[in-house]
Each structure stands twice: as C-alpha cells, then as structure tokens.
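Asks: One structure, pasted below without further comment.
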Amino acid sequence: MFEKHLTYDDLDITDRELLIQMGYGEAEADDDTRLEIERMRERVRGILKPRFCFHIEEEGELDCHSKTLTTGGHTFGIGPIITSQLRGSEAYAFFVATSGMEFERLQRQLEEEGDMVRVFIADAMGSVIAEKTADIMERWLQVFINGRGWKHTNRFSPGYCGWHVSEQQMLFSMLPEKDPCGVRLTDSSLMIPIKSVSGVTGLGREVKKLEYTCGLCNYAKCYKRRKRERK
C-alpha cells in the first residue's frame with residue numbers, strides 16, 4: 001500500500017473553490033465573509049494533516065451483464081455507470097483520502113463554540129480538502145503506474161453512481177491496514193473523519209479518464225455534478 005501525508009499548502013485551494021462549495025457559484029462574497037474565510041484558512045493551515053493511500057489489485061473480473069466487479073475475494077455491485085467507465089481495466093486501485101482527525105477535532109471544537117458562520121465555512125473547506133487530497137492521490141497513482149504504460153479512469157466512490165454505500169465495508173477490507181490513513185468505518189458505513197473520500201479507479205493501457213456522465217445519474221448532491229456545472 002502506498003501512503004503519503006500532505007500539508008494544506010500542497011492542496012493549492014483557491015478562494016473560488018471554497019466559494020463554490022459554500023454555494024456562491026460565480027457570485028462574489030462580501031468583505032466580512034472573505035475575512036472569515038482567511039481566518040479559517042490560517043487556523044486550518046496550522047493543524048491540517050491530510051493524507052491518502054491506495055492499494056492495487058492486479059486481478060479482477062468486470063461483469064458487464066451483472067454490473068459487478070469481482071476482485072480480492074469480493075464482488076462489488078457497482079452498477080451500470082461505473083461498470084461502463086471501468087471497462088478495459090487490467091487492474092484496480094482502491095483508495096482512501098482524508099482531511100485527517102486533526103481537522104475533525106477542529107470541526108467539533110467550532111460546533112462547541114457555537115459560531116455557525118465558522119462551522120459553515122469549515123464544513124465547506126473540509127469537503128474541498130478531501131476532494132483535493134483525492135485529486136493529488138490520482139496524480140501520484142499515475143506516477144506509480146507510468147512504468148507499466150497504464151493510465152487510470154475516473155475515481156468512483158460507494159454512495160455515488162448507483163454503487164450502494166454499504167459496500168464501503170468491503171472496500172475497506174481491500175486495503176492492508178484496518179483503518180487506512182486513520183479512517184474508520186461506523187456500522188452504517190460512515191467514514192470517520194467525515195471529510196474523507198474512498199473508492200476505486202480502473203488501471204490499464206486502454207482505459208480513459210472521461211467527463212463524469214452526470215446525465216446518467218440523478219443524485220443532485222454529487223460533488224462531481226457541482227464541479228461539472230461550474231465549468
């Protein structure tokens with residue numbers, strides 16, 4: 001398993017990314033909001049320890065009829081959307097990316113302080129941190145597989161694109177460590193820290209990373225839908 005620790009500055013988070021996550025779209029925030037964002041940024045920068053890990057399974061069977069992926073002794077019901085995106089894969093990378101427990105503790109502290117503006121900003125920031133950490137994971141994964149002449153598909157997570165969130169339990173069992181990157185699962189398959197991302201990406205010579213086909217999925221809260229709509 002490959003694991004790497006990052007810093008806040010490694011993530012290169014822009015103000016626009018934070019504002020979009022906060023619901024501003026293309027609108028601009030007022031000066032007071034921008035000041036609170038900058039204060040939160042400095043607070044987070046001092047404690048944040050984001051990290052990611054991935055593990056590659058080199059054997060697997062993608063069944064386009066049953067819309068399943070069988071690998072590592074488990075069969076995942078990934079559904080038609082993900083099955084079509086993983087077609088042609090020669091191997092599969094299972095991953096976890098997280099903002100870390102340090103950020104989780106900060107969120108709890110802010111909730112105890114009762115400043116809902118800061119709670120809201122931190123919540124948005126945590127979502128961006130988790131996704132940017134996963135973005136960096138993809139770049140390191142590509143470096144890791146370059147020597148084989150492989151590329152990778154989009155990443156897909158339980159709970160999205162028709163893949164039931166309960167299969168998070170099986171996904172975590174694919175990783176060598178019990179709590180990969182310090183992330184644990186509750187009985188209901190919720191990740192702790194909450195601001196974490198897990199999933200799978202296909203690897204191979206013929207696979208492609210495509211635009212997320214949001215027209216095939218009706219999950220309005222999907223983070224990929226928001227990223228696509230802001231372009």
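Chain labels follow the order of the structure tokens: the first chain is A, the next B, and so on; residue numbering restarts at 1 in every chain, and ligands are counted from 1 in their shown order.
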Give the strand (DSSP E or B) residues of segment 51-225 of chain A, as assigned by DSSP on the backbone, as a PyMOL selection string.
Replies: chain A and resi 51-57+61-63+68-71+74-76+91-98+151-156+184-185+191-192+196-204
Asks: Selected residues, N, CA and C atoms, written as a compact mmCIF listing (two decimals), in the first residue's frame, please.
Replies:
```
# COMPACT_ATOMS: atom_id res chain seq x y z
N ARG A 51 -4.02 13.23 4.14
CA ARG A 51 -3.23 12.12 3.63
C ARG A 51 -4.09 11.21 2.77
N PHE A 52 -3.40 10.38 2.00
CA PHE A 52 -4.10 9.42 1.15
C PHE A 52 -3.30 8.14 1.08
N CYS A 53 -3.97 7.08 0.67
CA CYS A 53 -3.30 5.80 0.43
C CYS A 53 -4.04 5.08 -0.68
N PHE A 54 -3.34 4.19 -1.36
CA PHE A 54 -4.01 3.35 -2.35
C PHE A 54 -3.33 1.99 -2.41
N HIS A 55 -4.12 1.01 -2.81
CA HIS A 55 -3.66 -0.37 -2.94
C HIS A 55 -4.15 -0.90 -4.27
N ILE A 56 -3.27 -1.53 -5.02
CA ILE A 56 -3.61 -2.02 -6.36
C ILE A 56 -3.86 -3.53 -6.34
N GLU A 57 -5.03 -3.92 -6.85
CA GLU A 57 -5.36 -5.32 -7.07
C GLU A 57 -5.15 -5.61 -8.55
N GLU A 61 -12.38 -9.31 -12.22
CA GLU A 61 -13.30 -9.62 -13.31
C GLU A 61 -14.44 -8.62 -13.30
N LEU A 62 -14.56 -7.89 -14.38
CA LEU A 62 -15.65 -6.94 -14.54
C LEU A 62 -16.74 -7.61 -15.37
N ASP A 63 -17.90 -7.80 -14.76
CA ASP A 63 -19.00 -8.49 -15.43
C ASP A 63 -20.00 -7.44 -15.93
N THR A 68 -21.07 -6.01 -12.06
CA THR A 68 -20.30 -6.25 -10.83
C THR A 68 -18.80 -6.25 -11.13
N LEU A 69 -18.03 -6.02 -10.09
CA LEU A 69 -16.58 -6.15 -10.14
C LEU A 69 -16.17 -7.15 -9.06
N THR A 70 -15.51 -8.22 -9.47
CA THR A 70 -15.03 -9.22 -8.52
C THR A 70 -13.51 -9.15 -8.47
N THR A 71 -12.98 -8.92 -7.28
CA THR A 71 -11.54 -8.83 -7.09
C THR A 71 -11.22 -9.00 -5.61
N HIS A 74 -13.88 -10.47 -3.26
CA HIS A 74 -15.15 -9.78 -3.02
C HIS A 74 -15.81 -9.43 -4.35
N THR A 75 -17.12 -9.40 -4.35
CA THR A 75 -17.87 -8.97 -5.53
C THR A 75 -18.63 -7.69 -5.19
N PHE A 76 -18.31 -6.64 -5.91
CA PHE A 76 -18.92 -5.33 -5.68
C PHE A 76 -20.02 -5.09 -6.71
N ALA A 91 -6.30 -3.71 -13.99
CA ALA A 91 -6.11 -3.76 -12.54
C ALA A 91 -6.98 -2.67 -11.92
N TYR A 92 -7.06 -2.67 -10.59
CA TYR A 92 -7.94 -1.74 -9.88
C TYR A 92 -7.23 -1.18 -8.66
N ALA A 93 -7.31 0.12 -8.49
CA ALA A 93 -6.71 0.77 -7.32
C ALA A 93 -7.82 1.18 -6.36
N PHE A 94 -7.75 0.68 -5.14
CA PHE A 94 -8.68 1.07 -4.08
C PHE A 94 -7.96 2.11 -3.21
N PHE A 95 -8.68 3.15 -2.83
CA PHE A 95 -8.01 4.27 -2.17
C PHE A 95 -8.86 4.87 -1.05
N VAL A 96 -8.17 5.59 -0.18
CA VAL A 96 -8.79 6.45 0.84
C VAL A 96 -8.02 7.76 0.85
N ALA A 97 -8.73 8.87 0.92
CA ALA A 97 -8.12 10.19 1.07
C ALA A 97 -8.89 10.92 2.16
N THR A 98 -8.18 11.62 3.04
CA THR A 98 -8.86 12.20 4.19
C THR A 98 -8.26 13.54 4.61
N LYS A 151 -2.78 3.91 -17.79
CA LYS A 151 -3.50 5.13 -17.43
C LYS A 151 -4.55 4.74 -16.38
N HIS A 152 -5.33 5.72 -15.94
CA HIS A 152 -6.38 5.39 -14.97
C HIS A 152 -7.69 6.04 -15.37
N THR A 153 -8.78 5.46 -14.92
CA THR A 153 -10.11 6.01 -15.16
C THR A 153 -10.41 7.10 -14.15
N ASN A 154 -11.62 7.61 -14.21
CA ASN A 154 -12.14 8.45 -13.12
C ASN A 154 -12.17 7.63 -11.84
N ARG A 155 -12.25 8.30 -10.72
CA ARG A 155 -12.43 7.59 -9.45
C ARG A 155 -13.92 7.55 -9.12
N PHE A 156 -14.32 6.45 -8.47
CA PHE A 156 -15.73 6.26 -8.13
C PHE A 156 -15.84 5.79 -6.69
N ARG A 184 -11.76 5.27 9.94
CA ARG A 184 -12.51 4.09 10.35
C ARG A 184 -13.95 4.20 9.87
N LEU A 185 -14.60 3.04 9.80
CA LEU A 185 -15.99 2.99 9.38
C LEU A 185 -16.91 2.72 10.56
N MET A 191 -17.72 7.19 7.15
CA MET A 191 -16.30 7.33 7.43
C MET A 191 -16.05 8.37 8.51
N ILE A 192 -15.13 8.08 9.41
CA ILE A 192 -14.66 8.99 10.43
C ILE A 192 -13.14 9.08 10.29
N SER A 196 -13.71 12.66 4.33
CA SER A 196 -12.86 11.64 3.73
C SER A 196 -13.52 11.14 2.45
N VAL A 197 -12.71 10.58 1.57
CA VAL A 197 -13.18 10.04 0.30
C VAL A 197 -12.56 8.65 0.14
N SER A 198 -13.34 7.71 -0.34
CA SER A 198 -12.80 6.39 -0.65
C SER A 198 -13.37 5.95 -1.99
N GLY A 199 -12.75 4.95 -2.59
CA GLY A 199 -13.29 4.50 -3.86
C GLY A 199 -12.34 3.61 -4.62
N VAL A 200 -12.63 3.49 -5.93
CA VAL A 200 -11.84 2.64 -6.81
C VAL A 200 -11.63 3.37 -8.13
N THR A 201 -10.53 3.08 -8.77
CA THR A 201 -10.28 3.57 -10.13
C THR A 201 -9.67 2.43 -10.94
N GLY A 202 -10.04 2.37 -12.20
CA GLY A 202 -9.52 1.32 -13.06
C GLY A 202 -8.19 1.71 -13.68
N LEU A 203 -7.33 0.70 -13.90
CA LEU A 203 -5.99 0.93 -14.45
C LEU A 203 -5.79 0.06 -15.68
N GLY A 204 -5.09 0.59 -16.67
CA GLY A 204 -4.79 -0.22 -17.85
C GLY A 204 -4.30 0.61 -19.01
```
Asks: List the spatial neighbours of Leu6 of chain A as a list in words - criterion: any atom at most 10 Å away, only C-alpha atoms, same-chain residues fewer than 5 positions off excluded.
Replies: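 Neighbouring residues, sequence-local ones excluded: Leu11, Leu48, Lys49, Pro50, Arg51, Phe52, Ser99, Thr133 and Ile136 of chain A.
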Asks: Atom CA of Ser189 of chain A to atom CA of Tyr160 of chain A: how many Å, to one decimal?
Replies: 13.6 Å
Asks: Given the choices A:Cys181, A:Leu86, A:Val143, A:Val44, which gets closest to Leu210 of chain A if the distance is worked out from only C-alpha atoms?
Replies: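 Answer, going by the shortest atom-to-atom distance: A:Leu86.
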Asks: So that I can see what lies close to Phe103 of chain A, please list as a PDB file with N, CA, C and O atoms, in the first residue's frame the residues with an atom at most 12 Å from it, counting only C-alpha atoms and leaving out residues fewer than 5 positions away in the same chain.
Replies:
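The resulting file, part.pdb, is reproduced below:
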```pdb
ATOM      1  N   THR A   7       0.269  18.672   3.246  1.00  0.00           N
ATOM      2  CA  THR A   7       0.004  19.859   4.046  1.00  0.00           C
ATOM      3  C   THR A   7      -1.116  20.654   3.380  1.00  0.00           C
ATOM      4  O   THR A   7      -1.501  20.379   2.232  1.00  0.00           O
ATOM      5  N   TYR A   8      -1.612  21.654   4.071  1.00  0.00           N
ATOM      6  CA  TYR A   8      -2.645  22.500   3.475  1.00  0.00           C
ATOM      7  C   TYR A   8      -2.142  23.131   2.184  1.00  0.00           C
ATOM      8  O   TYR A   8      -2.843  23.163   1.168  1.00  0.00           O
ATOM      9  N   MET A  40     -10.165  31.372   8.893  1.00  0.00           N
ATOM     10  CA  MET A  40     -10.312  29.926   8.977  1.00  0.00           C
ATOM     11  C   MET A  40      -9.171  29.232   8.257  1.00  0.00           C
ATOM     12  O   MET A  40      -8.644  28.210   8.735  1.00  0.00           O
ATOM     13  N   ARG A  41      -8.759  29.779   7.127  1.00  0.00           N
ATOM     14  CA  ARG A  41      -7.653  29.190   6.384  1.00  0.00           C
ATOM     15  C   ARG A  41      -6.384  29.118   7.236  1.00  0.00           C
ATOM     16  O   ARG A  41      -5.691  28.106   7.273  1.00  0.00           O
ATOM     17  N   ARG A  43      -6.223  29.156  10.496  1.00  0.00           N
ATOM     18  CA  ARG A  43      -6.448  28.229  11.599  1.00  0.00           C
ATOM     19  C   ARG A  43      -6.264  26.789  11.131  1.00  0.00           C
ATOM     20  O   ARG A  43      -5.652  25.965  11.820  1.00  0.00           O
ATOM     21  N   VAL A  44      -6.782  26.499   9.964  1.00  0.00           N
ATOM     22  CA  VAL A  44      -6.679  25.146   9.418  1.00  0.00           C
ATOM     23  C   VAL A  44      -5.246  24.842   9.006  1.00  0.00           C
ATOM     24  O   VAL A  44      -4.740  23.738   9.249  1.00  0.00           O
ATOM     25  N   ARG A  45      -4.583  25.798   8.395  1.00  0.00           N
ATOM     26  CA  ARG A  45      -3.210  25.576   7.938  1.00  0.00           C
ATOM     27  C   ARG A  45      -2.306  25.108   9.081  1.00  0.00           C
ATOM     28  O   ARG A  45      -1.400  24.299   8.884  1.00  0.00           O
ATOM     29  N   GLY A  46      -2.560  25.589  10.258  1.00  0.00           N
ATOM     30  CA  GLY A  46      -1.704  25.266  11.389  1.00  0.00           C
ATOM     31  C   GLY A  46      -1.872  23.858  11.944  1.00  0.00           C
ATOM     32  O   GLY A  46      -0.985  23.367  12.643  1.00  0.00           O
ATOM     33  N   ILE A  47      -3.007  23.221  11.623  1.00  0.00           N
ATOM     34  CA  ILE A  47      -3.274  21.905  12.225  1.00  0.00           C
ATOM     35  C   ILE A  47      -3.483  20.790  11.212  1.00  0.00           C
ATOM     36  O   ILE A  47      -3.437  19.612  11.556  1.00  0.00           O
ATOM     37  N   LEU A  48      -3.700  21.136   9.953  1.00  0.00           N
ATOM     38  CA  LEU A  48      -4.157  20.155   8.970  1.00  0.00           C
ATOM     39  C   LEU A  48      -3.072  19.141   8.612  1.00  0.00           C
ATOM     40  O   LEU A  48      -1.925  19.504   8.357  1.00  0.00           O
ATOM     41  N   LYS A  49      -3.477  17.859   8.556  1.00  0.00           N
ATOM     42  CA  LYS A  49      -2.583  16.782   8.139  1.00  0.00           C
ATOM     43  C   LYS A  49      -3.334  15.834   7.201  1.00  0.00           C
ATOM     44  O   LYS A  49      -3.637  14.688   7.542  1.00  0.00           O
ATOM     45  N   PRO A  50      -3.660  16.312   5.996  1.00  0.00           N
ATOM     46  CA  PRO A  50      -4.365  15.447   5.045  1.00  0.00           C
ATOM     47  C   PRO A  50      -3.443  14.337   4.546  1.00  0.00           C
ATOM     48  O   PRO A  50      -2.217  14.480   4.523  1.00  0.00           O
ATOM     49  N   ARG A  51      -4.025  13.233   4.142  1.00  0.00           N
ATOM     50  CA  ARG A  51      -3.226  12.121   3.630  1.00  0.00           C
ATOM     51  C   ARG A  51      -4.092  11.206   2.771  1.00  0.00           C
ATOM     52  O   ARG A  51      -5.316  11.253   2.827  1.00  0.00           O
ATOM     53  N   THR A  98      -8.182  11.616   3.040  1.00  0.00           N
ATOM     54  CA  THR A  98      -8.859  12.204   4.192  1.00  0.00           C
ATOM     55  C   THR A  98      -8.262  13.538   4.608  1.00  0.00           C
ATOM     56  O   THR A  98      -7.063  13.789   4.407  1.00  0.00           O
ATOM     57  N   ARG A 108     -15.363  19.809  15.495  1.00  0.00           N
ATOM     58  CA  ARG A 108     -16.114  19.598  16.741  1.00  0.00           C
ATOM     59  C   ARG A 108     -15.932  20.777  17.689  1.00  0.00           C
ATOM     60  O   ARG A 108     -16.882  21.207  18.358  1.00  0.00           O
ATOM     61  N   GLN A 109     -14.719  21.307  17.717  1.00  0.00           N
ATOM     62  CA  GLN A 109     -14.456  22.467  18.578  1.00  0.00           C
ATOM     63  C   GLN A 109     -15.272  23.667  18.133  1.00  0.00           C
ATOM     64  O   GLN A 109     -15.850  24.392  18.956  1.00  0.00           O
ATOM     65  N   LEU A 110     -15.347  23.893  16.827  1.00  0.00           N
ATOM     66  CA  LEU A 110     -16.124  25.021  16.301  1.00  0.00           C
ATOM     67  C   LEU A 110     -17.608  24.856  16.621  1.00  0.00           C
ATOM     68  O   LEU A 110     -18.299  25.834  16.940  1.00  0.00           O
ATOM     69  N   VAL A 119     -18.579  27.407  11.519  1.00  0.00           N
ATOM     70  CA  VAL A 119     -18.909  25.994  11.307  1.00  0.00           C
ATOM     71  C   VAL A 119     -19.201  25.755   9.830  1.00  0.00           C
ATOM     72  O   VAL A 119     -18.728  24.775   9.232  1.00  0.00           O
ATOM     73  N   ALA A 122     -15.955  26.039   7.738  1.00  0.00           N
ATOM     74  CA  ALA A 122     -15.103  24.871   7.956  1.00  0.00           C
ATOM     75  C   ALA A 122     -15.672  23.645   7.263  1.00  0.00           C
ATOM     76  O   ALA A 122     -14.919  22.823   6.715  1.00  0.00           O
ATOM     77  N   ASP A 123     -16.989  23.489   7.272  1.00  0.00           N
ATOM     78  CA  ASP A 123     -17.605  22.349   6.607  1.00  0.00           C
ATOM     79  C   ASP A 123     -17.308  22.367   5.111  1.00  0.00           C
ATOM     80  O   ASP A 123     -16.939  21.346   4.523  1.00  0.00           O
ATOM     81  N   MET A 125     -14.835  23.985   3.662  1.00  0.00           N
ATOM     82  CA  MET A 125     -13.401  23.825   3.486  1.00  0.00           C
ATOM     83  C   MET A 125     -13.006  22.349   3.596  1.00  0.00           C
ATOM     84  O   MET A 125     -12.176  21.860   2.825  1.00  0.00           O
ATOM     85  N   GLY A 126     -13.617  21.632   4.539  1.00  0.00           N
ATOM     86  CA  GLY A 126     -13.297  20.221   4.704  1.00  0.00           C
ATOM     87  C   GLY A 126     -13.648  19.404   3.483  1.00  0.00           C
ATOM     88  O   GLY A 126     -12.906  18.483   3.107  1.00  0.00           O
ATOM     89  N   SER A 127     -14.777  19.719   2.851  1.00  0.00           N
ATOM     90  CA  SER A 127     -15.164  18.992   1.644  1.00  0.00           C
ATOM     91  C   SER A 127     -14.160  19.225   0.524  1.00  0.00           C
ATOM     92  O   SER A 127     -13.778  18.282  -0.190  1.00  0.00           O
ATOM     93  N   ILE A 129     -11.009  20.125   0.919  1.00  0.00           N
ATOM     94  CA  ILE A 129      -9.749  19.489   1.322  1.00  0.00           C
ATOM     95  C   ILE A 129      -9.755  18.006   0.959  1.00  0.00           C
ATOM     96  O   ILE A 129      -8.789  17.481   0.394  1.00  0.00           O
ATOM     97  N   ALA A 130     -10.846  17.319   1.267  1.00  0.00           N
ATOM     98  CA  ALA A 130     -10.918  15.885   0.986  1.00  0.00           C
ATOM     99  C   ALA A 130     -10.825  15.609  -0.512  1.00  0.00           C
ATOM    100  O   ALA A 130     -10.100  14.702  -0.945  1.00  0.00           O
ATOM    101  N   ILE A 192     -15.135   8.076   9.407  1.00  0.00           N
ATOM    102  CA  ILE A 192     -14.659   8.994  10.431  1.00  0.00           C
ATOM    103  C   ILE A 192     -13.142   9.081  10.291  1.00  0.00           C
ATOM    104  O   ILE A 192     -12.482   8.055  10.424  1.00  0.00           O
ATOM    105  N   PRO A 193     -12.584  10.263   9.990  1.00  0.00           N
ATOM    106  CA  PRO A 193     -13.186  11.585   9.839  1.00  0.00           C
ATOM    107  C   PRO A 193     -14.223  11.635   8.703  1.00  0.00           C
ATOM    108  O   PRO A 193     -14.068  10.960   7.690  1.00  0.00           O
ATOM    109  N   ILE A 194     -15.227  12.479   8.908  1.00  0.00           N
ATOM    110  CA  ILE A 194     -16.299  12.595   7.926  1.00  0.00           C
ATOM    111  C   ILE A 194     -15.768  13.145   6.598  1.00  0.00           C
ATOM    112  O   ILE A 194     -16.197  12.723   5.523  1.00  0.00           O
ATOM    113  N   LYS A 195     -14.845  14.092   6.685  1.00  0.00           N
ATOM    114  CA  LYS A 195     -14.298  14.686   5.460  1.00  0.00           C
ATOM    115  C   LYS A 195     -13.242  13.765   4.870  1.00  0.00           C
ATOM    116  O   LYS A 195     -12.036  14.018   4.903  1.00  0.00           O
ATOM    117  N   SER A 196     -13.714  12.658   4.330  1.00  0.00           N
ATOM    118  CA  SER A 196     -12.860  11.645   3.727  1.00  0.00           C
ATOM    119  C   SER A 196     -13.524  11.143   2.445  1.00  0.00           C
ATOM    120  O   SER A 196     -14.732  11.261   2.264  1.00  0.00           O
TER     121      SER A 196
END
```
